[in-house]
>>> print(open('upload_33.cif').read())   # mmCIF, C-alpha atoms
data_start
#
loop_
_atom_site.group_PDB
_atom_site.id
_atom_site.type_symbol
_atom_site.label_atom_id
_atom_site.label_comp_id
_atom_site.auth_asym_id
_atom_site.auth_seq_id
_atom_site.Cartn_x
_atom_site.Cartn_y
_atom_site.Cartn_z
ATOM 1 C CA MET R 1 -43.663 15.872 -42.810
ATOM 2 C CA HIS R 2 -42.667 16.139 -39.136
ATOM 3 C CA GLN R 3 -39.780 18.517 -38.513
ATOM 4 C CA ARG R 4 -37.421 15.919 -37.081
ATOM 5 C CA ASN R 5 -37.696 13.808 -40.238
ATOM 6 C CA ASN R 6 -36.946 16.724 -42.575
ATOM 7 C CA LEU R 7 -33.221 16.968 -43.328
ATOM 8 C CA ARG R 8 -33.612 20.592 -44.421
ATOM 9 C CA ASN R 9 -34.303 21.462 -40.801
ATOM 10 C CA VAL R 10 -31.255 19.629 -39.419
ATOM 11 C CA ASP R 11 -28.194 21.744 -38.628
ATOM 12 C CA LEU R 12 -25.030 19.717 -39.285
ATOM 13 C CA ASN R 13 -23.378 21.520 -36.377
ATOM 14 C CA LEU R 14 -25.940 19.927 -34.057
ATOM 15 C CA LEU R 15 -24.736 16.497 -35.149
ATOM 16 C CA VAL R 16 -21.138 17.481 -34.418
ATOM 17 C CA ILE R 17 -22.189 18.623 -30.940
ATOM 18 C CA LEU R 18 -24.173 15.414 -30.426
ATOM 19 C CA ASP R 19 -21.152 13.303 -31.395
ATOM 20 C CA VAL R 20 -18.981 15.059 -28.808
ATOM 21 C CA LEU R 21 -21.698 14.876 -26.138
ATOM 22 C CA LEU R 22 -22.136 11.140 -26.651
ATOM 23 C CA THR R 23 -18.372 10.681 -26.441
ATOM 24 C CA GLU R 24 -17.732 12.901 -23.419
ATOM 25 C CA ARG R 25 -21.004 12.229 -21.556
ATOM 26 C CA HIS R 26 -20.357 15.519 -19.829
ATOM 27 C CA VAL R 27 -21.634 18.950 -20.907
ATOM 28 C CA SER R 28 -18.671 20.938 -19.548
ATOM 29 C CA ARG R 29 -16.053 18.673 -21.169
ATOM 30 C CA ALA R 30 -17.989 18.738 -24.435
ATOM 31 C CA ALA R 31 -18.036 22.538 -24.286
ATOM 32 C CA LEU R 32 -14.251 22.602 -23.831
ATOM 33 C CA ARG R 33 -13.676 20.298 -26.802
ATOM 34 C CA LEU R 34 -16.065 22.283 -28.984
ATOM 35 C CA ASN R 35 -14.715 25.662 -27.846
ATOM 36 C CA MET R 36 -18.266 26.650 -26.889
ATOM 37 C CA SER R 37 -19.821 27.962 -23.701
ATOM 38 C CA GLN R 38 -21.569 25.484 -21.429
ATOM 39 C CA PRO R 39 -24.967 27.232 -21.846
ATOM 40 C CA ALA R 40 -24.608 27.007 -25.637
ATOM 41 C CA VAL R 41 -23.953 23.259 -25.455
ATOM 42 C CA SER R 42 -26.865 22.808 -23.041
ATOM 43 C CA HIS R 43 -29.112 24.710 -25.466
ATOM 44 C CA ALA R 44 -27.915 22.496 -28.336
ATOM 45 C CA LEU R 45 -28.665 19.395 -26.252
ATOM 46 C CA ALA R 46 -32.198 20.669 -25.653
ATOM 47 C CA ARG R 47 -32.667 21.139 -29.416
ATOM 48 C CA LEU R 48 -31.305 17.653 -30.078
ATOM 49 C CA ARG R 49 -33.679 16.148 -27.524
ATOM 50 C CA GLU R 50 -36.585 17.826 -29.273
ATOM 51 C CA LEU R 51 -35.339 16.857 -32.715
ATOM 52 C CA LEU R 52 -34.819 13.196 -31.829
ATOM 53 C CA ASP R 53 -37.678 12.956 -29.327
ATOM 54 C CA ASP R 54 -35.385 11.377 -26.740
ATOM 55 C CA GLN R 55 -33.472 12.478 -23.634
ATOM 56 C CA LEU R 56 -30.203 11.085 -25.120
ATOM 57 C CA LEU R 57 -28.239 11.733 -21.895
ATOM 58 C CA ILE R 58 -29.716 11.125 -18.456
ATOM 59 C CA ARG R 59 -28.339 11.912 -15.036
ATOM 60 C CA GLN R 60 -26.788 8.907 -13.269
ATOM 61 C CA GLY R 61 -24.885 9.538 -10.060
ATOM 62 C CA ALA R 62 -22.295 12.259 -10.610
ATOM 63 C CA GLY R 63 -22.310 11.876 -14.394
ATOM 64 C CA LEU R 64 -24.491 11.252 -17.427
ATOM 65 C CA SER R 65 -25.309 7.983 -19.144
ATOM 66 C CA LEU R 66 -26.628 7.261 -22.633
ATOM 67 C CA THR R 67 -30.225 6.313 -23.261
ATOM 68 C CA ILE R 68 -30.934 3.236 -25.369
ATOM 69 C CA LYS R 69 -31.586 5.426 -28.404
ATOM 70 C CA ALA R 70 -28.326 7.317 -27.844
ATOM 71 C CA MET R 71 -26.424 4.022 -27.766
ATOM 72 C CA GLU R 72 -28.160 2.929 -30.980
ATOM 73 C CA ILE R 73 -27.260 6.084 -32.907
ATOM 74 C CA THR R 74 -23.663 6.461 -31.692
ATOM 75 C CA LYS R 75 -22.089 4.258 -34.371
ATOM 76 C CA PRO R 76 -24.146 5.494 -37.365
ATOM 77 C CA LEU R 77 -23.621 9.094 -36.232
ATOM 78 C CA THR R 78 -19.851 8.583 -36.132
ATOM 79 C CA GLU R 79 -19.949 7.008 -39.606
ATOM 80 C CA VAL R 80 -22.024 9.873 -41.032
ATOM 81 C CA LEU R 81 -19.697 12.533 -39.649
ATOM 82 C CA SER R 82 -16.680 10.547 -40.806
ATOM 83 C CA GLY R 83 -18.102 10.595 -44.324
ATOM 84 C CA VAL R 84 -18.736 14.331 -44.166
ATOM 85 C CA ARG R 85 -15.194 14.961 -42.925
ATOM 86 C CA SER R 86 -13.821 12.848 -45.767
ATOM 87 C CA VAL R 87 -15.713 15.025 -48.248
ATOM 88 C CA LEU R 88 -14.517 18.244 -46.628
ATOM 89 C CA GLY R 89 -10.952 16.941 -46.357
ATOM 90 C CA PRO R 90 -8.377 19.173 -44.697
ATOM 91 C CA LEU R 91 -10.865 22.077 -44.555
ATOM 92 C CA GLY R 92 -12.253 20.484 -41.403
ATOM 93 C CA PHE R 93 -9.160 21.425 -39.399
ATOM 94 C CA GLU R 94 -6.716 24.314 -39.628
ATOM 95 C CA PRO R 95 -3.924 23.896 -37.023
ATOM 96 C CA ALA R 96 -2.782 27.509 -37.169
ATOM 97 C CA THR R 97 -6.204 28.938 -36.272
ATOM 98 C CA THR R 98 -8.178 26.174 -34.538
ATOM 99 C CA GLN R 99 -8.953 26.423 -30.811
ATOM 100 C CA HIS R 100 -9.041 22.929 -29.322
ATOM 101 C CA ARG R 101 -8.081 21.057 -26.157
ATOM 102 C CA PHE R 102 -6.771 17.482 -26.225
ATOM 103 C CA HIS R 103 -6.854 15.247 -23.166
ATOM 104 C CA LEU R 104 -3.851 12.887 -23.067
ATOM 105 C CA SER R 105 -2.740 10.382 -20.448
ATOM 106 C CA MET R 106 0.805 9.154 -19.823
ATOM 107 C CA SER R 107 3.333 8.479 -17.080
ATOM 108 C CA ASP R 108 6.188 10.869 -16.394
ATOM 109 C CA TYR R 109 8.326 8.496 -18.500
ATOM 110 C CA GLY R 110 5.939 8.988 -21.418
ATOM 111 C CA GLY R 111 5.801 12.690 -20.728
ATOM 112 C CA GLY R 112 9.569 12.944 -21.004
ATOM 113 C CA ILE R 113 9.448 11.234 -24.385
ATOM 114 C CA VAL R 114 6.434 12.957 -25.925
ATOM 115 C CA LEU R 115 5.842 16.360 -24.373
ATOM 116 C CA PRO R 116 8.986 18.526 -24.764
ATOM 117 C CA GLY R 117 9.138 18.270 -28.549
ATOM 118 C CA LEU R 118 5.356 18.231 -28.977
ATOM 119 C CA VAL R 119 4.760 21.355 -26.903
ATOM 120 C CA ARG R 120 7.453 23.250 -28.825
ATOM 121 C CA GLU R 121 5.824 22.256 -32.124
ATOM 122 C CA LEU R 122 2.335 23.203 -30.944
ATOM 123 C CA ARG R 123 3.440 26.620 -29.737
ATOM 124 C CA LYS R 124 5.049 27.224 -33.123
ATOM 125 C CA ASP R 125 2.483 25.709 -35.507
ATOM 126 C CA ALA R 126 -0.784 25.490 -33.555
ATOM 127 C CA PRO R 127 -0.888 27.969 -30.646
ATOM 128 C CA GLY R 128 -4.635 27.444 -30.211
ATOM 129 C CA ILE R 129 -4.176 23.759 -29.361
ATOM 130 C CA ASP R 130 -4.137 23.131 -25.605
ATOM 131 C CA LEU R 131 -3.099 19.931 -23.827
ATOM 132 C CA ALA R 132 -4.438 18.514 -20.559
ATOM 133 C CA ILE R 133 -2.214 15.691 -19.274
ATOM 134 C CA SER R 134 -3.302 13.110 -16.705
ATOM 135 C CA GLN R 135 -1.807 9.901 -15.331
ATOM 136 C CA PHE R 136 -3.637 6.603 -14.835
ATOM 137 C CA SER R 137 -2.761 2.935 -14.778
ATOM 138 C CA ARG R 138 -2.840 1.248 -18.189
ATOM 139 C CA GLU R 139 -6.248 -0.208 -17.305
ATOM 140 C CA GLY R 140 -7.422 3.274 -16.365
ATOM 141 C CA MET R 141 -6.181 4.703 -19.660
ATOM 142 C CA ILE R 142 -7.958 2.017 -21.679
ATOM 143 C CA ALA R 143 -11.224 2.587 -19.802
ATOM 144 C CA ARG R 144 -11.032 6.345 -20.315
ATOM 145 C CA VAL R 145 -10.204 6.043 -24.014
ATOM 146 C CA LEU R 146 -13.259 3.800 -24.395
ATOM 147 C CA ASP R 147 -15.431 6.271 -22.469
ATOM 148 C CA GLY R 148 -14.101 9.250 -24.411
ATOM 149 C CA GLU R 149 -12.721 10.946 -21.297
ATOM 150 C CA ILE R 150 -9.247 11.090 -22.863
ATOM 151 C CA ASP R 151 -8.301 11.400 -26.521
ATOM 152 C CA MET R 152 -5.126 9.313 -26.378
ATOM 153 C CA GLY R 153 -3.154 7.198 -23.953
ATOM 154 C CA PHE R 154 0.576 6.464 -24.049
ATOM 155 C CA GLY R 155 2.453 3.557 -22.525
ATOM 156 C CA VAL R 156 2.860 -0.206 -22.754
ATOM 157 C CA PHE R 157 -0.341 -2.103 -23.562
ATOM 158 C CA PRO R 158 0.064 -5.874 -24.025
ATOM 159 C CA HIS R 159 -3.674 -6.425 -24.515
ATOM 160 C CA LEU R 160 -6.167 -4.005 -26.057
ATOM 161 C CA PRO R 161 -9.898 -4.314 -26.803
ATOM 162 C CA ALA R 162 -11.003 -4.395 -30.436
ATOM 163 C CA GLN R 163 -12.399 -0.840 -30.298
ATOM 164 C CA ILE R 164 -8.970 0.669 -29.659
ATOM 165 C CA ALA R 165 -6.373 1.462 -32.319
ATOM 166 C CA ALA R 166 -2.664 1.582 -31.502
ATOM 167 C CA ASP R 167 0.599 2.725 -33.027
ATOM 168 C CA VAL R 168 4.063 1.762 -31.758
ATOM 169 C CA LEU R 169 5.985 5.027 -31.509
ATOM 170 C CA MET R 170 9.342 3.563 -30.438
ATOM 171 C CA ARG R 171 10.980 0.595 -28.735
ATOM 172 C CA ASP R 172 13.092 1.083 -25.646
ATOM 173 C CA GLU R 173 15.372 -1.334 -23.794
ATOM 174 C CA TYR R 174 15.598 -2.261 -20.137
ATOM 175 C CA VAL R 175 18.705 -1.391 -18.124
ATOM 176 C CA CYS R 176 19.534 -1.707 -14.428
ATOM 177 C CA LEU R 177 20.369 1.174 -12.128
ATOM 178 C CA LEU R 178 22.423 0.353 -9.014
ATOM 179 C CA ASP R 179 24.614 1.999 -6.423
ATOM 180 C CA ARG R 180 28.088 0.930 -7.595
ATOM 181 C CA ARG R 181 29.244 0.668 -3.964
ATOM 182 C CA SER R 182 26.705 -2.080 -3.308
ATOM 183 C CA LEU R 183 28.467 -4.388 -5.781
ATOM 184 C CA GLU R 184 31.675 -4.315 -3.703
ATOM 185 C CA GLY R 185 33.698 -5.222 -6.786
ATOM 186 C CA ARG R 186 31.627 -8.307 -7.609
ATOM 187 C CA PRO R 187 30.263 -8.883 -11.129
ATOM 188 C CA PHE R 188 26.628 -8.031 -11.781
ATOM 189 C CA ASP R 189 25.172 -11.323 -12.978
ATOM 190 C CA ALA R 190 21.851 -13.179 -12.869
ATOM 191 C CA VAL R 191 22.640 -14.632 -9.435
ATOM 192 C CA THR R 192 23.086 -11.131 -8.007
ATOM 193 C CA TYR R 193 20.018 -9.884 -9.868
ATOM 194 C CA PHE R 194 17.699 -12.421 -8.225
ATOM 195 C CA ALA R 195 19.390 -12.320 -4.825
ATOM 196 C CA ARG R 196 18.957 -8.559 -4.384
ATOM 197 C CA PRO R 197 15.736 -6.603 -3.603
ATOM 198 C CA HIS R 198 14.178 -4.516 -6.353
ATOM 199 C CA ALA R 199 12.377 -1.201 -6.788
ATOM 200 C CA LEU R 200 9.421 -1.164 -9.180
ATOM 201 C CA VAL R 201 7.601 1.657 -10.965
ATOM 202 C CA ALA R 202 3.855 0.951 -11.190
ATOM 203 C CA VAL R 203 0.762 3.095 -10.711
ATOM 204 C CA ARG R 204 -0.909 0.174 -8.977
ATOM 205 C CA GLY R 205 1.085 -1.554 -6.262
ATOM 206 C CA ASP R 206 -0.320 -4.968 -7.178
ATOM 207 C CA ALA R 207 0.339 -4.644 -10.906
ATOM 208 C CA THR R 208 1.999 -7.484 -12.803
ATOM 209 C CA THR R 209 4.573 -5.957 -15.141
ATOM 210 C CA GLU R 210 6.033 -7.188 -18.412
ATOM 211 C CA ILE R 211 9.225 -7.989 -16.506
ATOM 212 C CA GLU R 212 7.380 -10.334 -14.144
ATOM 213 C CA GLU R 213 5.571 -11.935 -17.083
ATOM 214 C CA SER R 214 8.883 -12.555 -18.884
ATOM 215 C CA LEU R 215 10.580 -13.970 -15.789
ATOM 216 C CA LYS R 216 7.607 -16.238 -15.127
ATOM 217 C CA LEU R 217 8.212 -17.949 -18.478
ATOM 218 C CA THR R 218 11.592 -19.114 -17.183
ATOM 219 C CA GLY R 219 10.281 -19.987 -13.726
ATOM 220 C CA GLN R 220 12.068 -17.076 -12.034
ATOM 221 C CA THR R 221 10.820 -14.365 -9.695
ATOM 222 C CA ARG R 222 12.346 -11.329 -8.037
ATOM 223 C CA HIS R 223 11.616 -9.708 -4.691
ATOM 224 C CA ILE R 224 9.961 -6.297 -5.020
ATOM 225 C CA ALA R 225 10.846 -4.313 -1.911
ATOM 226 C CA VAL R 226 9.519 -0.885 -2.980
ATOM 227 C CA VAL R 227 6.775 0.126 -5.446
ATOM 228 C CA VAL R 228 6.473 3.780 -6.505
ATOM 229 C CA PRO R 229 4.082 5.320 -9.059
ATOM 230 C CA HIS R 230 6.522 7.763 -10.680
ATOM 231 C CA TRP R 231 9.608 7.101 -12.791
ATOM 232 C CA GLY R 232 11.194 10.375 -11.720
ATOM 233 C CA VAL R 233 11.514 9.490 -8.038
ATOM 234 C CA ALA R 234 12.611 5.868 -8.520
ATOM 235 C CA PRO R 235 16.337 6.536 -9.198
ATOM 236 C CA GLN R 236 16.545 8.537 -5.966
ATOM 237 C CA LEU R 237 15.767 5.364 -4.017
ATOM 238 C CA ILE R 238 18.834 3.551 -5.330
ATOM 239 C CA ALA R 239 21.688 5.686 -3.971
ATOM 240 C CA GLY R 240 22.973 4.297 -0.688
ATOM 241 C CA THR R 241 20.891 1.095 -0.861
ATOM 242 C CA ASP R 242 21.178 -2.439 -2.218
ATOM 243 C CA LEU R 243 18.083 -1.954 -4.402
ATOM 244 C CA ILE R 244 18.093 -2.643 -8.139
ATOM 245 C CA LEU R 245 15.897 -0.607 -10.468
ATOM 246 C CA THR R 246 15.126 -2.241 -13.807
ATOM 247 C CA ILE R 247 13.987 0.657 -15.934
ATOM 248 C CA ALA R 248 13.514 1.693 -19.548
ATOM 249 C CA ARG R 249 16.628 3.512 -20.706
ATOM 250 C CA GLY R 250 14.513 6.514 -21.671
ATOM 251 C CA GLY R 251 13.435 6.848 -18.048
ATOM 252 C CA LEU R 252 17.001 7.835 -17.135
ATOM 253 C CA LYS R 253 17.206 10.657 -19.663
ATOM 254 C CA ASN R 254 17.032 13.333 -16.968
ATOM 255 C CA LEU R 255 18.929 11.428 -14.275
ATOM 256 C CA PRO R 256 20.941 13.928 -12.168
ATOM 257 C CA PRO R 257 24.707 13.279 -12.171
ATOM 258 C CA ASP R 258 25.725 10.947 -9.343
ATOM 259 C CA ASP R 259 29.089 9.189 -9.345
ATOM 260 C CA ASN R 260 27.707 6.494 -7.067
ATOM 261 C CA LEU R 261 25.022 5.376 -9.518
ATOM 262 C CA ILE R 262 25.823 3.037 -12.373
ATOM 263 C CA VAL R 263 23.733 1.883 -15.343
ATOM 264 C CA LEU R 264 24.344 -1.731 -16.396
ATOM 265 C CA PRO R 265 22.790 -4.142 -18.895
ATOM 266 C CA VAL R 266 20.112 -6.415 -17.463
ATOM 267 C CA PRO R 267 21.835 -9.784 -16.799
ATOM 268 C CA VAL R 268 18.718 -11.734 -17.834
ATOM 269 C CA ALA R 269 16.871 -11.804 -21.148
ATOM 270 C CA LEU R 270 14.027 -9.271 -21.328
ATOM 271 C CA PRO R 271 12.113 -8.222 -24.452
ATOM 272 C CA PRO R 272 12.261 -4.631 -25.724
ATOM 273 C CA ILE R 273 9.588 -2.211 -24.532
ATOM 274 C CA PRO R 274 7.080 -1.035 -27.177
ATOM 275 C CA PHE R 275 5.977 2.528 -26.352
ATOM 276 C CA VAL R 276 2.516 2.880 -27.848
ATOM 277 C CA GLN R 277 -0.098 5.568 -28.417
ATOM 278 C CA ILE R 278 -3.715 4.380 -28.274
ATOM 279 C CA TRP R 279 -7.016 5.971 -29.295
ATOM 280 C CA HIS R 280 -10.604 4.928 -29.953
ATOM 281 C CA LYS R 281 -11.255 3.773 -33.515
ATOM 282 C CA ARG R 282 -14.216 6.127 -33.758
ATOM 283 C CA ARG R 283 -11.661 8.969 -33.803
ATOM 284 C CA GLU R 284 -9.700 7.519 -36.752
ATOM 285 C CA SER R 285 -10.989 10.019 -39.305
ATOM 286 C CA ASP R 286 -11.353 13.025 -36.997
ATOM 287 C CA PRO R 287 -9.119 15.614 -38.756
ATOM 288 C CA ALA R 288 -7.845 17.241 -35.547
ATOM 289 C CA HIS R 289 -7.159 13.903 -33.889
ATOM 290 C CA ARG R 290 -5.431 12.539 -36.982
ATOM 291 C CA TRP R 291 -3.304 15.683 -37.220
ATOM 292 C CA LEU R 292 -2.151 15.358 -33.598
ATOM 293 C CA ARG R 293 -1.281 11.664 -33.999
ATOM 294 C CA THR R 294 0.799 12.485 -37.058
ATOM 295 C CA LYS R 295 2.456 15.413 -35.280
ATOM 296 C CA ILE R 296 3.435 13.232 -32.303
ATOM 297 C CA THR R 297 4.942 10.601 -34.592
ATOM 298 C CA SER R 298 6.938 13.182 -36.543
ATOM 299 C CA VAL R 299 8.232 14.837 -33.353
ATOM 300 C CA LEU R 300 9.515 11.512 -32.013
ATOM 301 C CA TYR R 301 11.201 10.606 -35.284
ATOM 302 C CA GLU R 302 12.864 14.018 -35.468
ATOM 303 C CA ASP R 303 14.228 13.570 -31.943
#
>>> encode(input="upload_33.cif", output="structure tokens")
Amino acid sequence: MHQRNNLRNVDLNLLVILDVLLTERHVSRAALRLNMSQPAVSHALARLRELLDDQLLIRQGAGLSLTIKAMEITKPLTEVLSGVRSVLGPLGFEPATTQHRFHLSMSDYGGGIVLPGLVRELRKDAPGIDLAISQFSREGMIARVLDGEIDMGFGVFPHLPAQIAADVLMRDEYVCLLDRRSLEGRPFDAVTYFARPHALVAVRGDATTEIEESLKLTGQTRHIAVVVPHWGVAPQLIAGTDLILTIARGGLKNLPPDDNLIVLPVPVALPPIPFVQIWHKRRESDPAHRWLRTKITSVLYED
């Protein structure tokens, strides 16, 4: 029997490496996730190519793309490894001793919610777990979760493709931040809300937010005078101006004291904000991934 059809000659570790390579589509990133050297991963890829009689990953532009055979085996490979991990149970991942790097994406708002408690817990319980944090638009996060470039994304995701799983971590509420002097003693009502210019936090300047979608249902619009990509800088634009910032309450957690700034309820009806973590369904049974998802949930509930 030919070697590549003889299971006795197949190293299970090669299949684990193949799974990560097909997910990352990048030898260096795969090496980081596997805690291996790049030459070792390249050598494993060469063995896999010989074993499966296929190139599996081919150079395309600055990256790698899957061959037809690689695309065909991705799902069954994930299912096989999922079954093996189910048999091995918790032995597949030991937080206290495992060396692993997770790639997460979130805004600075999400970072303020997730990272302080999570990093403290990781340093205490899993010092070998590293985090690499990036920021993209929600569309960018979804695309990178699908491609395997990031392990999880955090934010507000009204629409998700079927391949992505999601868990609502918390629900926040909108509030308005204003310079109290700009009110000149007048009440802050819906008329004032729509008459005044607004600041908006969005990674993409042309993004349509949940606020705009909600207002559209009632036939109302607001004038966006300034769009910034970071929650942290947005409150600094309000002092001394007539701008209104409609922001998740959690985004004001680290707001520096300023007697001129005032936080008021939004004078129009807006739905609560579901803060969600997303991941690819192929990672559902990955012990390390499952452990981190559970850890994040527990940290938020403790806080």
>>> closest_atom_pairs(input="upload_33.cif", of="segment 154-199 of chain R", to="segment 278-293 of chain R", cutoff="12 Å", atoms="all atoms listed in the file", output="CSV")
residue,atom,partner,partner_atom,distance
R:Phe154,CA,R:Ile278,CA,6.4
R:Gly155,CA,R:Ile278,CA,8.5
R:Val156,CA,R:Ile278,CA,9.7
R:Phe157,CA,R:Ile278,CA,8.7
R:Pro158,CA,R:Ile278,CA,11.7
R:His159,CA,R:Ile278,CA,11.4
R:Leu160,CA,R:Ile278,CA,9.0
R:Pro161,CA,R:His280,CA,9.8
R:Ala162,CA,R:Lys281,CA,8.7
R:Gln163,CA,R:Lys281,CA,5.7
R:Ile164,CA,R:His280,CA,4.6
R:Ala165,CA,R:Trp279,CA,5.5
R:Ala166,CA,R:Ile278,CA,4.4
R:Asp167,CA,R:Ile278,CA,6.6
R:Val168,CA,R:Ile278,CA,8.9
R:Leu169,CA,R:Arg293,CA,10.2
>>> atom_distance(input="upload_33.cif", atom1="atom CA of Ser137 of chain R", atom2="atom CA of Ser105 of chain R")
9.4 Å
>>> residues_around(input="upload_33.cif", residues="Asp179 of chain R", least_positions_apart="4", cutoff="6 Å", atoms="all atoms listed in the file", output="list in words")
Ala239, Asn260 and Leu261 of chain R
>>> resolve_selection(input="upload_33.cif", expression="the PyMOL selection byres ((chain R and resi 16) around 12)", output="VMD selection string")
chain R and resid 10 to 15 17 to 23 30 to 31 33 to 34 41 44 to 45 48 74 77 to 82 84 to 85 92 286
>>> resolve_selection(input="upload_33.cif", expression="the PyMOL selection byres ((chain R and resi 182) around 8)", output="list in words")
Leu178, Asp179, Arg180, Arg181, Leu183, Glu184, Gly240, Thr241 and Asp242 of chain R
>>> residues_around(input="upload_33.cif", residues="segment 54-63 of chain R", least_positions_apart="5", cutoff="8 Å", atoms="only C-alpha atoms", output="list in words")
Leu22, Arg25, His26, Arg49, Ile68, Lys69 and Ala70 of chain R
>>> closest_residue(input="upload_33.cif", among="R:Met106, R:Arg171, R:Pro267, R:His223", to="Pro197 of chain R", atoms="all atoms listed in the file")
R:His223
>>> residues_around(input="upload_33.cif", residues="segment 107-111 of chain R", least_positions_apart="6", cutoff="9 Å", atoms="all atoms listed in the file", output="list in words")
Ile133, Ser134, Gln135, Phe136, Ser137, Phe154, Gly155, Val203, Pro229, His230, Trp231, Gly232, Ala248, Gly250, Gly251, Leu252 and Phe275 of chain R
>>> resolve_selection(input="upload_33.cif", expression="the PyMOL selection byres ((chain R and resi 189-191) around 10)", output="NGL selection string")
:R and (186-188 or 192-196 or 265-269)
>>> atom_distance(input="upload_33.cif", atom1="atom CA of Asp125 of chain R", atom2="atom CA of Pro95 of chain R")
6.8 Å
